[in-house]
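Visitor: One structure is given below, represented as structure tokens, and several questions about it will come after.
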Amino acid sequence: MNKLEQEVIKRNISNEDIATIISNNRDLVSRRIISGMASVDTVDREGQRIPIFALKEAVDNFMQNTYYRPVQIFHSDITVGRVVPKWTNPKTGEIHKTEIVDSGWRIVAELRDDLEIANKTWEEIVKGNLRSFSIAGSSNEKLQKQENGVNYEQIKSLAIAEISVCEIPVNPLAKFEILWDPNRVEI
């Protein structure tokens with residue numbers, strides 16, 4: 001818990017009060033925010049599985065450097081956004097976090113609004129054409145496994161390089177939703 005969070009608790013500031021403060025800051029309400037599962041502990045379409053224990057270490061490393069948490073479009077090396085540790089809804093005060101959950105890795109991402117390709121990506125997200133995440137990186141250690149008659153490669157250790165927005169994810173459960181569209185929300 002950071003100092004700001006401690007102060008909010010100490011002063012007993014409600015979610016409604018937080019939402020009021022945030023909603024009066026144009027920079028905070030103009031953000032484009034999406035959230036969903038970037039990786040789920042299941043065998044993917046390439047026959048690989050990243051279990052929670054491997055994800056946890058990789059996510060901890062990925063999130064450590066605030067400058068390098070890129071969100072790209074189709075693994076293209078074009079950064080259209082960034083993964084953020086958490087985001088507070090300006091209307092409700094509800095906090096959404098990037099975190100490991102029982103089923104995998106849930107992320108919160110902010111998309112840029114200063115690049116044409118990022119704006120086109122956002123348009124496709126709003127239309128519903130892009131609603132999946134895909135992670136990219138390198139696996140450092142893997143082993144062959146079999147469960148319920150299914151052979152797969154279990155990733156024991158990996159380094160995550162980036163998250164991409166895509167149409168069809170390798171991990172079929174890596175889907176996201178729009179949390180905040182500044183063009184469609186009235187405060």
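Residue numbering restarts at 1 for every chain of the structure tokens, chains are lettered A, B, ... in their displayed order, and ligands are numbered from 1 as they appear.
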Among range 145-186 of chain A, which residues does DSSP mark as strand (DSSP E or B) when it is run on the backbone? Keep the chain and numbering as in the structure and answer as a VMD selection string.
Guide: chain A and resid 145 to 147 150 to 166 175 to 180
Visitor: For the interface of range 39-79 of chain A with range 130-147 of chain A (cut-off 9 Å, counting only C-alpha atoms), please tabulate each contacting residue of range 39-79 of chain A alongside its nearest pair of atoms and their separation in Å to one decimal, rows sorted by chain and increasing number, as a tab-separated table.
Guide:
```
residue	atom	partner	partner_atom	distance
A:Ser39	CA	A:Ile135	CA	7.1
A:Phe74	CA	A:Ser134	CA	8.3
A:His75	CA	A:Ala136	CA	7.5
```
Visitor: Mind dumping a table of every range 24-90 of chain A residue within 12 Å of range 148-151 of chain A, with the nearest atom pair and its distance in Å to one decimal, using only C-alpha atoms, sorted by chain and rising number, as CSV?
Guide:
```
residue,atom,partner,partner_atom,distance
A:Thr42,CA,A:Val150,CA,11.6
A:Val43,CA,A:Val150,CA,9.0
A:Asp44,CA,A:Asn151,CA,11.5
A:Glu46,CA,A:Asn151,CA,11.1
A:Gly47,CA,A:Asn151,CA,7.5
A:Gln48,CA,A:Asn151,CA,9.1
A:Arg49,CA,A:Asn151,CA,10.4
```
Visitor: Return the single residue from A:Ile117, A:Ile168, A:Tyr152, A:Ala159 that is closest to Met63 in chain A, with distances computed using only C-alpha atoms.
Guide: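 The closest residue to Met63 in chain A is A:Ala159.
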Visitor: Write out as a ChimeraX atom specification all residues of range 114-173 of chain A that backbone DSSP assigns to alpha helix (DSSP H).
Guide: /A:116-127
Visitor: Using only C-alpha atoms, which residues sit within 9 Å of range 96-108 of chain A once same-chain residues fewer than 4 positions away are excluded, as an NGL selection string?
Guide: :A and (33-42 or 50-52 or 55-56 or 59 or 82-89 or 174 or 176 or 179)
Visitor: Those residues with N, CA, C and O atoms, as a tab-separated table (two decimals), in the first residue's frame please?
Guide:
```tsv
chain	number	residue	atom	x	y	z
A	33	ILE	N	-9.37	3.34	-21.14
A	33	ILE	CA	-8.96	2.24	-20.27
A	33	ILE	C	-9.67	0.94	-20.65
A	33	ILE	O	-10.89	0.91	-20.83
A	34	ILE	N	-8.88	-0.13	-20.74
A	34	ILE	CA	-9.41	-1.48	-20.97
A	34	ILE	C	-8.87	-2.40	-19.88
A	34	ILE	O	-7.84	-2.11	-19.28
A	35	SER	N	-9.57	-3.50	-19.64
A	35	SER	CA	-9.11	-4.45	-18.63
A	35	SER	C	-9.62	-5.85	-18.96
A	35	SER	O	-10.73	-6.01	-19.48
A	36	GLY	N	-8.80	-6.82	-18.64
A	36	GLY	CA	-9.21	-8.21	-18.83
A	36	GLY	C	-8.04	-9.14	-18.55
A	36	GLY	O	-7.00	-8.73	-18.05
A	37	MET	N	-8.25	-10.39	-18.90
A	37	MET	CA	-7.25	-11.41	-18.65
A	37	MET	C	-6.21	-11.41	-19.78
A	37	MET	O	-6.55	-11.61	-20.95
A	38	ALA	N	-4.95	-11.18	-19.42
A	38	ALA	CA	-3.86	-11.22	-20.40
A	38	ALA	C	-3.36	-12.65	-20.58
A	38	ALA	O	-2.87	-13.02	-21.64
A	39	SER	N	-3.49	-13.45	-19.54
A	39	SER	CA	-3.09	-14.85	-19.60
A	39	SER	C	-3.92	-15.63	-18.60
A	39	SER	O	-4.15	-15.16	-17.48
A	40	VAL	N	-4.38	-16.80	-19.01
A	40	VAL	CA	-5.19	-17.67	-18.15
A	40	VAL	C	-4.48	-19.01	-18.07
A	40	VAL	O	-3.95	-19.51	-19.07
A	41	ASP	N	-4.46	-19.59	-16.89
A	41	ASP	CA	-3.79	-20.87	-16.65
A	41	ASP	C	-4.58	-22.00	-17.31
A	41	ASP	O	-5.37	-22.68	-16.68
A	42	THR	N	-4.35	-22.16	-18.61
A	42	THR	CA	-4.99	-23.21	-19.40
A	42	THR	C	-4.08	-23.53	-20.58
A	42	THR	O	-3.22	-22.72	-20.94
A	50	ILE	N	0.91	-21.70	-19.18
A	50	ILE	CA	1.71	-20.93	-18.23
A	50	ILE	C	0.98	-20.98	-16.90
A	50	ILE	O	-0.04	-20.31	-16.72
A	51	PRO	N	1.46	-21.79	-15.95
A	51	PRO	CA	0.79	-21.89	-14.65
A	51	PRO	C	0.97	-20.62	-13.82
A	51	PRO	O	1.86	-19.80	-14.08
A	52	ILE	N	0.15	-20.48	-12.82
A	52	ILE	CA	0.14	-19.28	-11.98
A	52	ILE	C	1.52	-19.00	-11.38
A	52	ILE	O	1.97	-17.86	-11.36
A	55	LEU	N	3.65	-17.37	-13.95
A	55	LEU	CA	3.13	-16.03	-14.26
A	55	LEU	C	3.49	-15.03	-13.17
A	55	LEU	O	3.86	-13.91	-13.46
A	56	LYS	N	3.36	-15.45	-11.92
A	56	LYS	CA	3.59	-14.52	-10.81
A	56	LYS	C	4.98	-13.91	-10.88
A	56	LYS	O	5.13	-12.69	-10.81
A	59	VAL	N	5.28	-11.65	-14.05
A	59	VAL	CA	4.50	-10.40	-13.90
A	59	VAL	C	5.20	-9.45	-12.94
A	59	VAL	O	5.28	-8.24	-13.20
A	82	ARG	N	-0.08	1.31	-22.49
A	82	ARG	CA	0.78	0.79	-21.41
A	82	ARG	C	-0.08	0.08	-20.38
A	82	ARG	O	-1.26	0.41	-20.18
A	83	VAL	N	0.52	-0.89	-19.72
A	83	VAL	CA	-0.13	-1.57	-18.61
A	83	VAL	C	0.07	-0.69	-17.38
A	83	VAL	O	1.16	-0.21	-17.11
A	84	VAL	N	-1.03	-0.45	-16.66
A	84	VAL	CA	-0.95	0.37	-15.44
A	84	VAL	C	-1.22	-0.52	-14.23
A	84	VAL	O	-1.98	-1.49	-14.33
A	85	PRO	N	-0.61	-0.22	-13.08
A	85	PRO	CA	-0.82	-1.05	-11.89
A	85	PRO	C	-2.27	-1.05	-11.42
A	85	PRO	O	-2.78	-2.07	-10.98
A	86	LYS	N	-2.92	0.12	-11.54
A	86	LYS	CA	-4.33	0.19	-11.15
A	86	LYS	C	-4.94	1.44	-11.74
A	86	LYS	O	-4.25	2.36	-12.19
A	87	TRP	N	-6.26	1.48	-11.73
A	87	TRP	CA	-7.01	2.61	-12.26
A	87	TRP	C	-8.27	2.76	-11.43
A	87	TRP	O	-8.91	1.77	-11.06
A	88	THR	N	-8.62	3.99	-11.12
A	88	THR	CA	-9.83	4.27	-10.34
A	88	THR	C	-10.88	4.88	-11.26
A	88	THR	O	-10.62	5.87	-11.94
A	89	ASN	N	-12.06	4.29	-11.27
A	89	ASN	CA	-13.16	4.79	-12.09
A	89	ASN	C	-13.58	6.16	-11.57
A	89	ASN	O	-13.98	6.29	-10.42
A	174	ALA	N	-8.16	-15.07	-23.02
A	174	ALA	CA	-7.49	-13.78	-22.81
A	174	ALA	C	-8.30	-12.65	-23.47
A	174	ALA	O	-7.94	-12.13	-24.51
A	176	PHE	N	-10.75	-8.93	-23.06
A	176	PHE	CA	-10.87	-7.72	-22.26
A	176	PHE	C	-12.14	-6.96	-22.59
A	176	PHE	O	-12.84	-7.27	-23.56
A	179	LEU	N	-13.26	-0.37	-19.89
A	179	LEU	CA	-13.66	0.15	-18.58
A	179	LEU	C	-14.04	1.62	-18.67
A	179	LEU	O	-14.90	2.08	-17.94
```
Visitor: What is the CA of Glu116 in chain A-CA of Val80 in chain A distance in Å, reported with one decimal?
Guide: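 Taking CA of Glu116 in chain A and CA of Val80 in chain A, their separation equals 9.4 Å.
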